[in-house]
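One file, structure04.cif, carrying mmCIF, C-alpha atoms:
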data_query
#
loop_
_atom_site.label_atom_id
_atom_site.label_comp_id
_atom_site.auth_asym_id
_atom_site.auth_seq_id
_atom_site.Cartn_x
_atom_site.Cartn_y
_atom_site.Cartn_z
CA MET A 1 0.00 0.00 0.00
CA ASP A 2 1.19 3.57 -0.79
CA HIS A 3 0.94 5.28 2.60
CA ARG A 4 1.21 8.70 1.00
CA ALA A 5 -1.93 8.00 -1.00
CA ALA A 6 -3.74 6.70 2.05
CA ASN A 7 -3.02 9.97 3.91
CA ARG A 8 -3.84 12.51 1.19
CA HIS A 9 -6.67 13.95 3.35
CA PRO A 10 -5.35 14.07 6.92
CA SER A 11 -7.69 14.69 9.82
CA ARG A 12 -7.65 17.99 11.70
CA GLY A 13 -5.63 16.34 14.45
CA GLN A 14 -3.07 15.10 11.93
CA GLN A 15 -2.90 18.62 10.43
CA HIS A 16 -2.07 20.05 13.86
CA GLN A 17 0.57 17.37 14.46
CA GLU A 18 2.17 18.04 11.08
CA ALA A 19 2.13 21.79 11.73
CA ASP A 20 3.80 21.30 15.10
CA ARG A 21 6.43 19.05 13.48
CA ASP A 22 7.05 21.63 10.73
CA ARG A 23 7.50 24.37 13.30
CA ALA A 24 9.97 22.31 15.27
CA LEU A 25 11.95 21.65 12.08
CA VAL A 26 11.95 25.37 11.24
CA ALA A 27 13.23 26.17 14.73
CA ASP A 28 15.93 23.56 14.39
CA ARG A 29 17.09 24.57 10.90
CA GLU A 30 16.51 28.34 10.69
CA GLY A 31 16.58 29.44 14.32
CA PRO A 32 13.68 30.52 16.57
CA ALA A 33 13.35 33.93 14.92
CA ALA A 34 12.12 32.24 11.74
CA LEU A 35 8.84 31.49 13.45
CA ASP A 36 8.25 35.13 14.39
CA GLN A 37 8.94 36.20 10.81
CA ARG A 38 5.84 34.27 9.83
CA GLY A 39 3.88 37.00 11.85
CA GLY A 40 0.26 37.80 11.03
CA GLU A 41 -2.55 36.81 13.32
CA GLY A 42 -1.44 34.99 16.46
CA ALA A 43 2.10 36.39 16.43
CA GLY A 44 2.06 36.39 20.24
CA ALA A 45 1.06 32.73 20.24
CA HIS A 46 3.95 32.05 17.86
CA ALA A 47 6.32 33.75 20.31
CA MET A 48 5.05 31.50 23.10
CA ASN A 49 5.28 28.47 20.86
CA ARG A 50 8.82 29.51 20.02
CA ARG A 51 9.89 29.26 23.66
CA ILE A 52 8.17 25.91 24.04
CA ILE A 53 9.77 24.58 20.88
CA ILE A 54 13.22 25.82 21.89
CA ALA A 55 12.87 24.00 25.20
CA LEU A 56 11.61 20.86 23.44
CA VAL A 57 14.44 20.85 20.90
CA ALA A 58 16.98 21.39 23.67
CA ALA A 59 15.49 18.54 25.69
CA LEU A 60 15.53 16.20 22.69
CA ALA A 61 19.12 17.13 21.91
CA SER A 62 20.08 16.44 25.51
CA LEU A 63 18.39 13.02 25.36
CA ALA A 64 20.16 12.18 22.10
CA ILE A 65 23.53 13.16 23.53
CA GLY A 66 22.84 11.12 26.66
CA ALA A 67 21.78 8.07 24.60
CA GLY A 68 24.89 8.37 22.45
CA ALA A 69 27.09 8.60 25.50
CA ALA A 70 25.36 5.56 27.03
CA ALA A 71 25.88 3.59 23.81
CA ALA A 72 29.53 4.63 23.77
CA ARG A 73 29.90 3.36 27.34
CA GLN A 74 28.46 -0.06 26.47
CA PRO A 75 31.17 -2.72 26.30
CA GLN A 76 31.69 -4.20 22.84
CA LEU A 77 32.52 -7.85 22.27
CA HIS A 78 34.84 -8.23 19.26
CA LEU A 79 34.53 -11.62 17.56
CA GLY A 80 36.23 -13.03 14.47
CA SER A 81 34.39 -15.68 12.43
CA VAL A 82 36.16 -17.93 9.92
CA TYR A 83 33.82 -20.04 7.79
CA ALA A 84 34.07 -22.21 4.69
CA TYR A 85 32.23 -20.80 1.69
CA SER A 86 33.52 -23.24 -0.93
CA GLY A 87 34.83 -26.80 -1.06
CA THR A 88 33.87 -29.68 1.24
CA GLY A 89 33.12 -27.34 4.15
CA ALA A 90 30.65 -25.13 2.28
CA PRO A 91 27.48 -27.12 3.18
CA TYR A 92 28.28 -26.46 6.84
CA GLY A 93 29.94 -23.03 6.74
CA VAL A 94 27.02 -21.17 5.19
CA GLY A 95 24.67 -22.21 7.98
CA GLN A 96 27.37 -21.41 10.53
CA ILE A 97 27.80 -17.78 9.45
CA ASN A 98 24.06 -17.20 8.99
CA GLY A 99 23.38 -18.35 12.54
CA GLU A 100 26.22 -16.22 13.91
CA ARG A 101 25.06 -13.10 12.08
CA LEU A 102 21.49 -13.55 13.28
CA ALA A 103 22.67 -13.83 16.90
CA VAL A 104 24.83 -10.71 16.55
CA ARG A 105 21.88 -8.81 15.10
CA GLN A 106 19.59 -9.83 17.96
CA ILE A 107 22.14 -9.08 20.69
CA ASN A 108 22.79 -5.61 19.26
CA ALA A 109 19.07 -4.93 18.96
CA ALA A 110 18.74 -5.63 22.69
CA ALA A 111 21.89 -3.71 23.67
CA ARG A 112 20.03 -1.06 25.69
CA ARG A 113 18.64 -3.77 27.94
CA SER A 114 21.64 -6.11 28.05
CA GLY A 115 24.38 -3.48 28.11
CA LEU A 116 26.49 -5.36 25.53
CA THR A 117 27.12 -4.92 21.81
CA VAL A 118 28.92 -7.30 19.46
CA LYS A 119 31.22 -6.53 16.56
CA MET A 120 31.94 -9.55 14.38
CA ASP A 121 34.53 -9.62 11.61
CA SER A 122 34.12 -12.53 9.21
CA ALA A 123 36.27 -14.29 6.63
CA ALA A 124 34.77 -16.45 3.88
CA ILE A 125 37.40 -18.99 2.87
CA ASP A 126 37.77 -22.21 0.90
CA SER A 127 38.15 -25.55 2.67
CA SER A 128 41.96 -25.67 2.74
CA SER A 129 44.06 -25.43 5.88
CA ASP A 130 46.24 -22.69 4.37
CA SER A 131 43.28 -20.35 3.91
CA ALA A 132 42.17 -21.02 7.49
CA ILE A 133 45.65 -20.29 8.85
CA ALA A 134 45.74 -16.95 7.03
CA ALA A 135 42.20 -16.02 8.10
CA VAL A 136 42.77 -16.77 11.79
CA ALA A 137 46.02 -14.79 11.71
CA SER A 138 44.11 -11.87 10.21
CA MET A 139 41.48 -12.06 12.95
CA ILE A 140 44.15 -12.01 15.64
CA SER A 141 45.87 -8.97 14.10
CA SER A 142 42.52 -7.16 13.74
CA GLY A 143 41.98 -7.34 17.49
CA ALA A 144 39.34 -10.08 17.74
CA GLN A 145 39.05 -11.23 21.34
CA ALA A 146 37.53 -14.62 20.46
CA ILE A 147 37.56 -16.75 17.29
CA LEU A 148 34.54 -18.62 15.90
CA GLY A 149 35.55 -21.55 13.67
CA PRO A 150 37.15 -22.38 11.26
CA THR A 151 34.43 -24.65 9.88
CA LEU A 152 36.32 -27.91 9.31
CA SER A 153 38.14 -29.76 12.08
CA SER A 154 41.25 -30.16 9.90
CA GLN A 155 41.29 -26.39 9.35
CA ALA A 156 40.87 -25.70 13.06
CA ALA A 157 43.70 -28.08 13.99
CA ALA A 158 46.04 -26.24 11.61
CA ALA A 159 44.91 -22.65 12.23
CA LEU A 160 44.14 -22.36 15.95
CA PRO A 161 47.57 -22.97 17.58
CA PRO A 162 48.62 -19.30 17.10
CA ALA A 163 45.40 -18.17 18.80
CA VAL A 164 46.10 -20.60 21.64
CA ALA A 165 49.63 -19.22 21.95
CA ALA A 166 48.19 -15.70 22.12
CA LYS A 167 45.70 -16.86 24.80
CA ILE A 168 42.74 -15.91 22.60
CA PRO A 169 39.79 -18.27 23.16
CA SER A 170 38.32 -20.06 20.15
CA ILE A 171 34.86 -21.58 19.89
CA GLY A 172 34.56 -24.71 17.76
CA VAL A 173 31.22 -24.10 16.10
CA THR A 174 31.17 -27.12 13.77
CA ASN A 175 34.36 -29.00 14.70
CA ALA A 176 32.97 -32.44 15.53
CA THR A 177 36.18 -34.43 15.04
CA LEU A 178 38.71 -31.86 16.30
CA SER A 179 41.00 -33.22 19.01
CA LEU A 180 41.20 -30.71 21.84
CA THR A 181 44.45 -32.26 23.07
CA GLY A 182 47.14 -29.59 22.84
CA LEU A 183 44.55 -26.83 22.28
CA ARG A 184 43.06 -26.70 25.74
CA PRO A 185 42.22 -24.66 27.67
CA TYR A 186 41.71 -22.05 24.94
CA VAL A 187 39.51 -24.02 22.52
CA TRP A 188 35.88 -24.69 23.47
CA ARG A 189 33.75 -27.03 21.36
CA VAL A 190 30.08 -26.09 20.89
CA SER A 191 29.33 -28.76 18.30
CA ALA A 192 28.67 -32.12 19.86
CA ALA A 193 31.76 -34.26 19.35
CA GLU A 194 31.55 -36.83 16.55
CA ASP A 195 32.13 -39.59 19.11
CA ARG A 196 28.97 -38.59 20.97
CA MET A 197 26.80 -38.24 17.87
CA ILE A 198 27.96 -41.49 16.26
CA ARG A 199 27.70 -43.37 19.56
CA ALA A 200 24.07 -42.21 19.91
CA SER A 201 23.30 -43.15 16.28
CA VAL A 202 24.81 -46.63 16.58
CA ASP A 203 23.02 -47.17 19.90
CA VAL A 204 19.70 -46.35 18.20
CA ALA A 205 20.54 -48.55 15.20
CA HIS A 206 21.23 -51.46 17.57
CA ASP A 207 18.53 -50.92 20.20
CA GLU A 208 15.68 -49.54 18.13
CA LEU A 209 16.33 -50.82 14.59
CA GLY A 210 17.81 -54.26 15.33
CA ILE A 211 21.19 -53.79 13.65
CA ARG A 212 23.80 -56.42 14.63
CA THR A 213 26.29 -56.27 11.73
CA ALA A 214 27.69 -53.37 9.71
CA VAL A 215 30.41 -52.32 7.32
CA ILE A 216 32.23 -48.96 7.42
CA VAL A 217 32.86 -46.96 4.25
CA ALA A 218 35.30 -44.09 4.78
CA ASP A 219 38.31 -42.22 3.38
CA PRO A 220 41.46 -42.93 5.46
CA ASN A 221 43.19 -39.94 3.85
CA ASN A 222 40.56 -37.36 4.83
CA GLY A 223 40.84 -36.04 8.39
CA TYR A 224 37.11 -35.90 9.05
CA SER A 225 36.29 -39.22 7.40
CA ALA A 226 39.13 -41.06 9.15
CA GLY A 227 37.94 -39.63 12.47
CA ALA A 228 34.38 -40.75 11.76
CA GLU A 229 35.63 -44.25 10.94
CA GLN A 230 37.31 -44.47 14.35
CA SER A 231 34.15 -43.19 16.06
CA PHE A 232 32.06 -45.85 14.30
CA GLU A 233 34.49 -48.57 15.37
CA ARG A 234 34.37 -47.47 19.03
CA ALA A 235 30.59 -47.07 19.00
CA ALA A 236 30.06 -50.49 17.41
CA ALA A 237 32.24 -52.21 20.00
CA ARG A 238 30.34 -50.46 22.77
CA SER A 239 26.88 -51.27 21.36
CA GLY A 240 27.55 -54.86 20.31
CA VAL A 241 27.49 -54.31 16.54
CA THR A 242 29.99 -56.48 14.64
CA ILE A 243 32.00 -54.65 11.94
CA LEU A 244 32.45 -57.07 9.03
CA ALA A 245 34.73 -54.85 6.93
CA VAL A 246 36.16 -51.35 6.49
CA ILE A 247 36.04 -50.29 2.84
CA PRO A 248 38.00 -47.23 1.63
CA CYS A 249 36.30 -44.66 -0.56
CA ALA A 250 38.20 -41.53 -1.56
CA THR A 251 36.54 -38.18 -0.90
CA GLY A 252 35.10 -36.76 -4.11
CA SER A 253 35.06 -40.12 -5.91
CA ASP A 254 32.12 -42.17 -7.16
CA PRO A 255 30.99 -44.30 -4.17
CA THR A 256 29.16 -46.92 -6.27
CA ALA A 257 31.88 -49.58 -6.21
CA ALA A 258 32.49 -49.13 -2.47
CA LEU A 259 28.78 -49.45 -1.70
CA GLN A 260 28.48 -52.52 -3.91
CA ALA A 261 31.38 -54.12 -2.03
CA ALA A 262 29.74 -53.18 1.27
CA ALA A 263 26.48 -54.84 0.24
CA GLU A 264 28.29 -58.03 -0.76
CA THR A 265 29.51 -58.52 2.83
CA GLY A 266 25.93 -59.27 3.87
CA ALA A 267 26.03 -56.58 6.60
CA GLN A 268 22.72 -55.20 7.85
CA ALA A 269 23.96 -51.60 7.85
CA ILE A 270 26.46 -49.32 6.14
CA PHE A 271 28.23 -46.78 8.34
CA SER A 272 29.49 -43.88 6.19
CA GLY A 273 32.08 -41.23 6.98
CA ALA A 274 31.38 -39.14 3.87
CA ILE A 275 31.68 -35.35 3.95
CA GLY A 276 30.92 -32.33 1.75
CA SER A 277 28.82 -33.25 -1.28
CA ASP A 278 29.70 -36.94 -0.91
CA PRO A 279 26.76 -37.84 1.39
CA GLN A 280 24.37 -36.90 -1.44
CA ALA A 281 26.42 -39.04 -3.83
CA VAL A 282 26.24 -41.94 -1.36
CA VAL A 283 22.44 -41.88 -0.99
CA THR A 284 22.01 -41.46 -4.75
CA ALA A 285 24.26 -44.46 -5.49
CA ARG A 286 22.47 -46.46 -2.80
CA LYS A 287 19.17 -45.81 -4.56
CA THR A 288 20.63 -46.65 -7.98
CA LEU A 289 21.98 -49.95 -6.68
CA GLY A 290 18.70 -50.77 -4.98
CA LEU A 291 20.40 -51.39 -1.63
CA THR A 292 18.19 -52.06 1.39
CA GLN A 293 20.81 -51.90 4.15
CA LEU A 294 20.30 -49.23 6.78
CA LEU A 295 22.57 -46.24 6.11
CA VAL A 296 24.03 -44.49 9.17
CA GLY A 297 26.05 -41.35 8.52
CA GLY A 298 28.39 -39.21 10.54
CA ASN A 299 27.98 -35.47 11.06
CA GLY A 300 28.74 -34.89 7.37
CA PHE A 301 25.25 -36.23 6.60
CA ASN A 302 23.67 -33.23 8.36
CA ALA A 303 24.11 -31.21 5.16
CA PRO A 304 20.88 -29.23 4.62
CA ASP A 305 20.29 -30.57 1.09
CA LEU A 306 20.56 -34.23 2.04
CA PRO A 307 16.96 -34.96 3.16
CA GLY A 308 15.57 -33.93 -0.23
CA THR A 309 18.06 -36.03 -2.20
CA PRO A 310 16.57 -39.13 -3.89
CA GLY A 311 17.62 -42.20 -1.93
CA ALA A 312 18.04 -40.37 1.39
CA ALA A 313 14.87 -41.78 2.98
CA GLY A 314 15.65 -43.87 6.04
CA THR A 315 19.17 -42.50 6.58
CA VAL A 316 20.09 -42.20 10.26
CA VAL A 317 22.41 -39.49 11.60
CA GLY A 318 23.18 -37.95 14.97
CA ALA A 319 23.11 -34.17 15.37
CA SER A 320 23.57 -31.34 17.83
CA TRP A 321 20.10 -29.97 17.10
CA ASN A 322 16.83 -30.63 15.30
CA ALA A 323 14.23 -28.02 14.36
CA ILE A 324 11.40 -30.15 15.71
CA GLY A 325 12.73 -29.84 19.28
CA ALA A 326 10.47 -28.49 22.03
CA ASN A 327 13.02 -25.95 23.34
CA ALA A 328 11.23 -22.54 23.43
CA ALA A 329 14.43 -20.68 22.50
CA SER A 330 14.86 -23.05 19.57
CA LYS A 331 11.36 -22.32 18.29
CA ARG A 332 12.01 -18.57 18.46
CA PHE A 333 15.27 -19.12 16.61
CA VAL A 334 13.54 -21.05 13.81
CA ARG A 335 10.97 -18.26 13.36
CA SER A 336 13.55 -15.47 13.31
CA TYR A 337 15.88 -17.41 11.00
CA ARG A 338 13.07 -18.04 8.51
CA ARG A 339 12.20 -14.34 8.55
CA ALA A 340 15.83 -13.30 8.05
CA PHE A 341 16.95 -15.80 5.41
CA LYS A 342 13.71 -17.11 3.88
CA LEU A 343 14.70 -20.74 4.53
CA ALA A 344 14.74 -23.23 7.37
CA PRO A 345 17.82 -23.37 9.60
CA ASP A 346 20.00 -26.48 9.81
CA THR A 347 21.98 -27.78 12.76
CA PHE A 348 25.06 -25.74 11.75
CA ALA A 349 23.05 -22.51 11.81
CA ALA A 350 21.82 -23.40 15.30
CA GLN A 351 25.39 -24.13 16.39
CA GLY A 352 26.53 -20.77 14.99
CA PHE A 353 23.74 -18.94 16.79
CA ALA A 354 24.50 -20.73 20.06
CA SER A 355 28.23 -19.97 19.76
CA VAL A 356 27.58 -16.22 19.71
CA GLU A 357 25.07 -16.61 22.57
CA LEU A 358 27.76 -18.37 24.60
CA ALA A 359 30.43 -15.80 23.76
CA ALA A 360 28.11 -13.02 24.98
CA ALA A 361 27.25 -15.01 28.11
CA ALA A 362 30.97 -15.51 28.73
CA ALA A 363 31.63 -11.76 28.48
CA ARG A 364 28.98 -11.17 31.15
CA ALA A 365 30.21 -14.01 33.36
CA GLY A 366 33.84 -12.91 32.95
CA LYS A 367 32.90 -9.26 33.56
CA GLY A 368 34.63 -7.92 30.48
CA THR A 369 35.16 -8.22 26.75
CA SER A 370 38.90 -8.87 26.66
CA ALA A 371 40.21 -12.26 25.59
CA ALA A 372 41.11 -12.99 29.22
CA ALA A 373 37.61 -12.08 30.42
CA ILE A 374 35.92 -14.22 27.76
CA GLN A 375 38.20 -17.16 28.56
CA ARG A 376 37.43 -16.75 32.25
CA GLY A 377 33.71 -16.45 31.56
CA LEU A 378 33.52 -19.56 29.37
CA GLY A 379 34.84 -21.57 32.29
CA ARG A 380 32.16 -20.13 34.57
CA LEU A 381 29.14 -20.92 32.41
CA ARG A 382 26.60 -23.28 33.98
CA ARG A 383 23.44 -24.47 32.25
CA VAL A 384 23.25 -21.45 29.97
CA PRO A 385 19.99 -21.47 27.95
CA THR A 386 20.71 -21.65 24.20
CA VAL A 387 18.99 -22.93 21.08
CA LEU A 388 20.87 -26.21 21.60
CA GLY A 389 19.63 -26.58 25.16
CA LYS A 390 21.14 -25.65 28.52
CA ILE A 391 24.91 -25.76 28.13
CA THR A 392 27.74 -26.30 30.60
CA PHE A 393 31.34 -26.78 29.45
CA ARG A 394 33.31 -29.71 30.82
CA SER A 395 36.97 -29.97 29.80
CA GLY A 396 36.21 -27.66 26.88
CA GLU A 397 33.22 -29.69 25.64
CA ALA A 398 29.69 -28.24 25.59
CA ARG A 399 27.47 -30.76 27.31
CA TYR A 400 23.88 -31.08 26.14
CA PRO A 401 21.76 -33.94 24.76
CA VAL A 402 22.41 -34.98 21.16
CA VAL A 403 19.53 -35.97 18.90
CA VAL A 404 19.37 -39.00 16.60
CA GLN A 405 17.29 -38.35 13.50
CA GLN A 406 16.11 -40.20 10.43
CA VAL A 407 15.18 -38.87 7.01
CA LYS A 408 11.43 -39.13 6.55
CA GLY A 409 9.29 -37.22 4.06
CA GLY A 410 12.23 -35.07 2.98
CA LYS A 411 13.05 -33.95 6.55
CA PHE A 412 15.24 -34.91 9.47
CA VAL A 413 12.85 -36.37 12.06
CA PRO A 414 14.01 -37.28 15.60
CA ILE A 415 13.83 -40.98 16.47
CA ALA A 416 11.98 -41.60 19.71
CA ARG A 417 13.80 -43.92 22.09
CA ARG A 418 11.79 -46.59 23.86
CA ALA A 419 11.61 -46.24 27.63
CA GLY A 420 13.61 -48.69 29.72
#
Rendering of file as structure tokens:
Amino acid sequence: MDHRAANRHPSRGQQHQEADRDRALVADREGPAALDQRGGEGAGAHAMNRRIIIALVAALASLAIGAGAAAARQPQLHLGSVYAYSGTGAPYGVGQINGERLAVRQINAAARRSGLTVKMDSAAIDSSSDSAIAAVASMISSGAQAILGPTLSSQAAAALPPAVAAKIPSIGVTNATLSLTGLRPYVWRVSAAEDRMIRASVDVAHDELGIRTAVIVADPNNGYSAGAEQSFERAAARSGVTILAVIPCATGSDPTAALQAAAETGAQAIFSGAIGSDPQAVVTARKTLGLTQLLVGGNGFNAPDLPGTPGAAGTVVGASWNAIGANAASKRFVRSYRRAFKLAPDTFAAQGFASVELAAAAARAGKGTSAAAIQRGLGRLRRVPTVLGKITFRSGEARYPVVVQQVKGGKFVPIARRAG
């Protein structure tokens, strides 16, 4: 609707309001004498109005100066986000940065009430370790007091040691397979560790879906995939699932032959450590081959496009978050994310949002926005409400329940565990 057209014939009250506004603008731009120069009938009333308007303008100016000074006094949290925008990390990095930016926007919108603003520098990189090393170094030199990312665990392992040496805390937004050994106490993982997600998935496959035998398909030369393979092996031993074979499948290659070999073992399930665009290739090849084995994926299968890929139905994967959760904060997040980006959030967006929430909570708990204060505050957090649930860090790991989900009707749907 054209609001100017709707208000072509203002009411008498609106005319008075517009006249008062015009007079105030004249007083502000041309000086109070400009009103008297308009003379004629009611010149005395204009003189009185002039004094009132001068007082009003002065009061408004005083309020504006006071508000500006208050905003200037508000502490500012300076974050640096490093996210993958191309390569194998892209399906996860885009959600990461969207969630982070939404959280920053909401925190800044509530700055008057919370007393904290956030400045976030960001670097869109490819999925190589070299680009991550350069981006993290840039964030450190720009004065960031905490680092978010990089997206891939292999990137984080290569790029974060200089931040650790500088005692700048880093938050692992999506780093499921990153080893914190050697990085503690300055690296804090928000993503559920791959071990936890795969253990939950294999438990559900065994307890709820009757799986007793499986084969693992993974790339031993890819850091994430090799880590997922180890997590599947540990989870299977714990749950009582027998691994009949481990079949290599290079990242970026056609998985058809590897899946065919997996099926020939007679295993009931295929455990896949694929990453990037490979999970979609795996479910597509599975459909083409007509395989009926249960497919259980690692965190790489949480890519937002996977549920709609032909052949994905029935795939099981553990995750840090699911949009169907009953968490009130999560529901608000889904609504605001849809409004902001015109699409549904994935688990990586939720992890990005939660990471900024936790950084802000750490600044409050640590009573400052310096790297030392944020580091101190992260260690003090206890059951902080976030979109992922109530979070407490233990030995650098965010502790909250993981969710096991299955692709149904083109969506990730949580699998209900039987009681007892």
### Query
For A:Ile391, which of A:Thr177, A:Ser355, A:Ser122, A:Thr347 is the closest residue, counting all atoms listed in the file?
A:Ser355
### Message
What would the selection look like, as a PyMOL selection string, if the PyMOL selection byres ((chain A and resi 131) around 12) were run on the coordinates I just shared?
### Response
chain A and resi 82-87+123-130+132-138+150-152+154-156+158-159
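Residue nearest A:Thr242, chosen from A:Ala416, A:Leu180, A:Leu289, A:Ile216 and counting only C-alpha atoms: A:Ile216.
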### Message
Applying the PyMOL selection byres ((chain A and resi 300) around 8) to the file I just gave you, which residues come out? Please list them as number ranges by chain.
### Response
A: 273-276, 279, 297-299, 301-303
### Shell around A:Gly95 at 9 Å using only C-alpha atoms, local window under 6 positions removed, as a list in words
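Contacts, with the query itself left out: Pro304, Pro345, Asp346, Thr347, Phe348, Ala349, Ala350, Gln351 and Gly352 of chain A.
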#### Entry: the PyMOL selection byres ((chain A and resi 366) around 10) applied to the shown file, residues as a count of residues only
21
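Interatomic distance, atom CA of A:Gln268 to atom CA of A:Ala226: 21.7 Å.
Taking all atoms listed in the file into account, A:Arg383 lies nearest to A:Leu358 out of the set A:Ser231, A:Leu358, A:Arg335, A:Ser201.
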### Task
Grab the atom CA of A:Val202 to atom CA of A:Val217 distance for me, in Å with one decimal place.
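A separation of 14.7 Å between them.
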### Query
Leaving out A:Arg399 and any residue of its chain fewer than 2 positions from it, which residues lie within 10 Å of it when counting all atoms listed in the file, given as an NGL selection string?
:A and (189-193 or 383 or 388-397 or 401-402)
### Task
Tell me which of A:Ala157, A:Leu306, A:Val204, A:Val104 sits closest to A:Gly409, counting all atoms listed in the file.
A:Leu306
Residues within 12 Å of A:Glu264, all atoms listed in the file, excluding chain neighbours under 2 positions, as a short mmCIF file (atom, residue, chain, number, x, y, z; two decimals) with C-alpha atoms, in the coordinates of the input:
data_model
loop_
_atom_site.label_atom_id
_atom_site.label_comp_id
_atom_site.auth_asym_id
_atom_site.auth_seq_id
_atom_site.Cartn_x
_atom_site.Cartn_y
_atom_site.Cartn_z
CA ALA A 214 27.69 -53.37 9.71
CA VAL A 215 30.41 -52.32 7.32
CA LEU A 244 32.45 -57.07 9.03
CA ALA A 245 34.73 -54.85 6.93
CA ILE A 247 36.04 -50.29 2.84
CA ALA A 257 31.88 -49.58 -6.21
CA ALA A 258 32.49 -49.13 -2.47
CA LEU A 259 28.78 -49.45 -1.70
CA GLN A 260 28.48 -52.52 -3.91
CA ALA A 261 31.38 -54.12 -2.03
CA ALA A 262 29.74 -53.18 1.27
CA GLY A 266 25.93 -59.27 3.87
CA ALA A 267 26.03 -56.58 6.60
CA GLN A 268 22.72 -55.20 7.85
CA ALA A 269 23.96 -51.60 7.85
CA ILE A 270 26.46 -49.32 6.14
CA LEU A 289 21.98 -49.95 -6.68
CA LEU A 291 20.40 -51.39 -1.63
CA THR A 292 18.19 -52.06 1.39
CA GLN A 293 20.81 -51.90 4.15
#
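Between atom CA of A:Gln406 and atom CA of A:Thr315 the interatomic distance comes to 5.4 Å.
Counting all atoms listed in the file and comparing A:Thr386, A:Asp254, A:Ser141, A:Val283, the residue that lies closest to A:Arg332 is A:Thr386.
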### Message
Using only C-alpha atoms for the distances, tell me which of A:Ala236, A:Ala144, A:Leu178, A:Val173 is nearest to A:His78.
### Response
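Among the listed residues, the smallest separation from A:His78 belongs to A:Ala144.
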Could you give me, as a PDB file with C-alpha atoms, in the frame of the given file, the residues within 12 Å of A:Val413, counting all atoms listed in the file and dropping anything in the same chain fewer than 2 positions from it?
ATOM      1  CA  ASN A 302      23.670 -33.230   8.360  1.00  0.00           C
ATOM      2  CA  PRO A 307      16.960 -34.960   3.160  1.00  0.00           C
ATOM      3  CA  ALA A 313      14.870 -41.780   2.980  1.00  0.00           C
ATOM      4  CA  GLY A 314      15.650 -43.870   6.040  1.00  0.00           C
ATOM      5  CA  THR A 315      19.170 -42.500   6.580  1.00  0.00           C
ATOM      6  CA  VAL A 316      20.090 -42.200  10.260  1.00  0.00           C
ATOM      7  CA  VAL A 317      22.410 -39.490  11.600  1.00  0.00           C
ATOM      8  CA  GLY A 318      23.180 -37.950  14.970  1.00  0.00           C
ATOM      9  CA  ALA A 319      23.110 -34.170  15.370  1.00  0.00           C
ATOM     10  CA  TRP A 321      20.100 -29.970  17.100  1.00  0.00           C
ATOM     11  CA  ASN A 322      16.830 -30.630  15.300  1.00  0.00           C
ATOM     12  CA  ALA A 323      14.230 -28.020  14.360  1.00  0.00           C
ATOM     13  CA  ILE A 324      11.400 -30.150  15.710  1.00  0.00           C
ATOM     14  CA  GLY A 325      12.730 -29.840  19.280  1.00  0.00           C
ATOM     15  CA  VAL A 403      19.530 -35.970  18.900  1.00  0.00           C
ATOM     16  CA  VAL A 404      19.370 -39.000  16.600  1.00  0.00           C
ATOM     17  CA  GLN A 405      17.290 -38.350  13.500  1.00  0.00           C
ATOM     18  CA  GLN A 406      16.110 -40.200  10.430  1.00  0.00           C
ATOM     19  CA  VAL A 407      15.180 -38.870   7.010  1.00  0.00           C
ATOM     20  CA  LYS A 408      11.430 -39.130   6.550  1.00  0.00           C
ATOM     21  CA  GLY A 409       9.290 -37.220   4.060  1.00  0.00           C
ATOM     22  CA  GLY A 410      12.230 -35.070   2.980  1.00  0.00           C
ATOM     23  CA  LYS A 411      13.050 -33.950   6.550  1.00  0.00           C
ATOM     24  CA  ILE A 415      13.830 -40.980  16.470  1.00  0.00           C
ATOM     25  CA  ALA A 416      11.980 -41.600  19.710  1.00  0.00           C
TER      26      ALA A 416
END
### Query
Is there a way to get, as a ChimeraX atom specification, all residues within 10 Å of the point (24.8, -41.8, -5.6) in file coordinates, counting only C-alpha atoms?
/A:254-256,259,278-289,309-312
### Query
Contacts of A:Asn221 at 9 Å or less, counting all atoms listed in the file, minus same-chain residues fewer than 4 places along, as a PyMOL selection string?
chain A and resi 225-226+250-251
Assuming the input is short of atoms at stretch 191-197 of chain A, produce N, CA and C atoms for that part as a PDB file, keeping the file's coordinate frame.
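Final output, saved to result-v7.pdb:
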ATOM      1  N   SER A 191      29.867 -27.590  18.994  1.00  0.00           N
ATOM      2  CA  SER A 191      29.330 -28.760  18.300  1.00  0.00           C
ATOM      3  C   SER A 191      29.482 -29.990  19.193  1.00  0.00           C
ATOM      4  N   ALA A 192      28.491 -30.846  19.180  1.00  0.00           N
ATOM      5  CA  ALA A 192      28.670 -32.120  19.860  1.00  0.00           C
ATOM      6  C   ALA A 192      29.808 -32.869  19.165  1.00  0.00           C
ATOM      7  N   ALA A 193      30.650 -33.517  19.934  1.00  0.00           N
ATOM      8  CA  ALA A 193      31.760 -34.260  19.350  1.00  0.00           C
ATOM      9  C   ALA A 193      31.227 -35.406  18.499  1.00  0.00           C
ATOM     10  N   GLU A 194      31.968 -35.739  17.438  1.00  0.00           N
ATOM     11  CA  GLU A 194      31.550 -36.830  16.550  1.00  0.00           C
ATOM     12  C   GLU A 194      31.379 -38.133  17.317  1.00  0.00           C
ATOM     13  N   ASP A 195      32.244 -38.376  18.289  1.00  0.00           N
ATOM     14  CA  ASP A 195      32.130 -39.590  19.110  1.00  0.00           C
ATOM     15  C   ASP A 195      30.743 -39.688  19.741  1.00  0.00           C
ATOM     16  N   ARG A 196      30.268 -38.582  20.290  1.00  0.00           N
ATOM     17  CA  ARG A 196      28.970 -38.590  20.970  1.00  0.00           C
ATOM     18  C   ARG A 196      27.826 -38.807  19.988  1.00  0.00           C
ATOM     19  N   MET A 197      27.889 -38.117  18.840  1.00  0.00           N
ATOM     20  CA  MET A 197      26.800 -38.240  17.870  1.00  0.00           C
ATOM     21  C   MET A 197      26.760 -39.636  17.251  1.00  0.00           C
TER      22      MET A 197
END
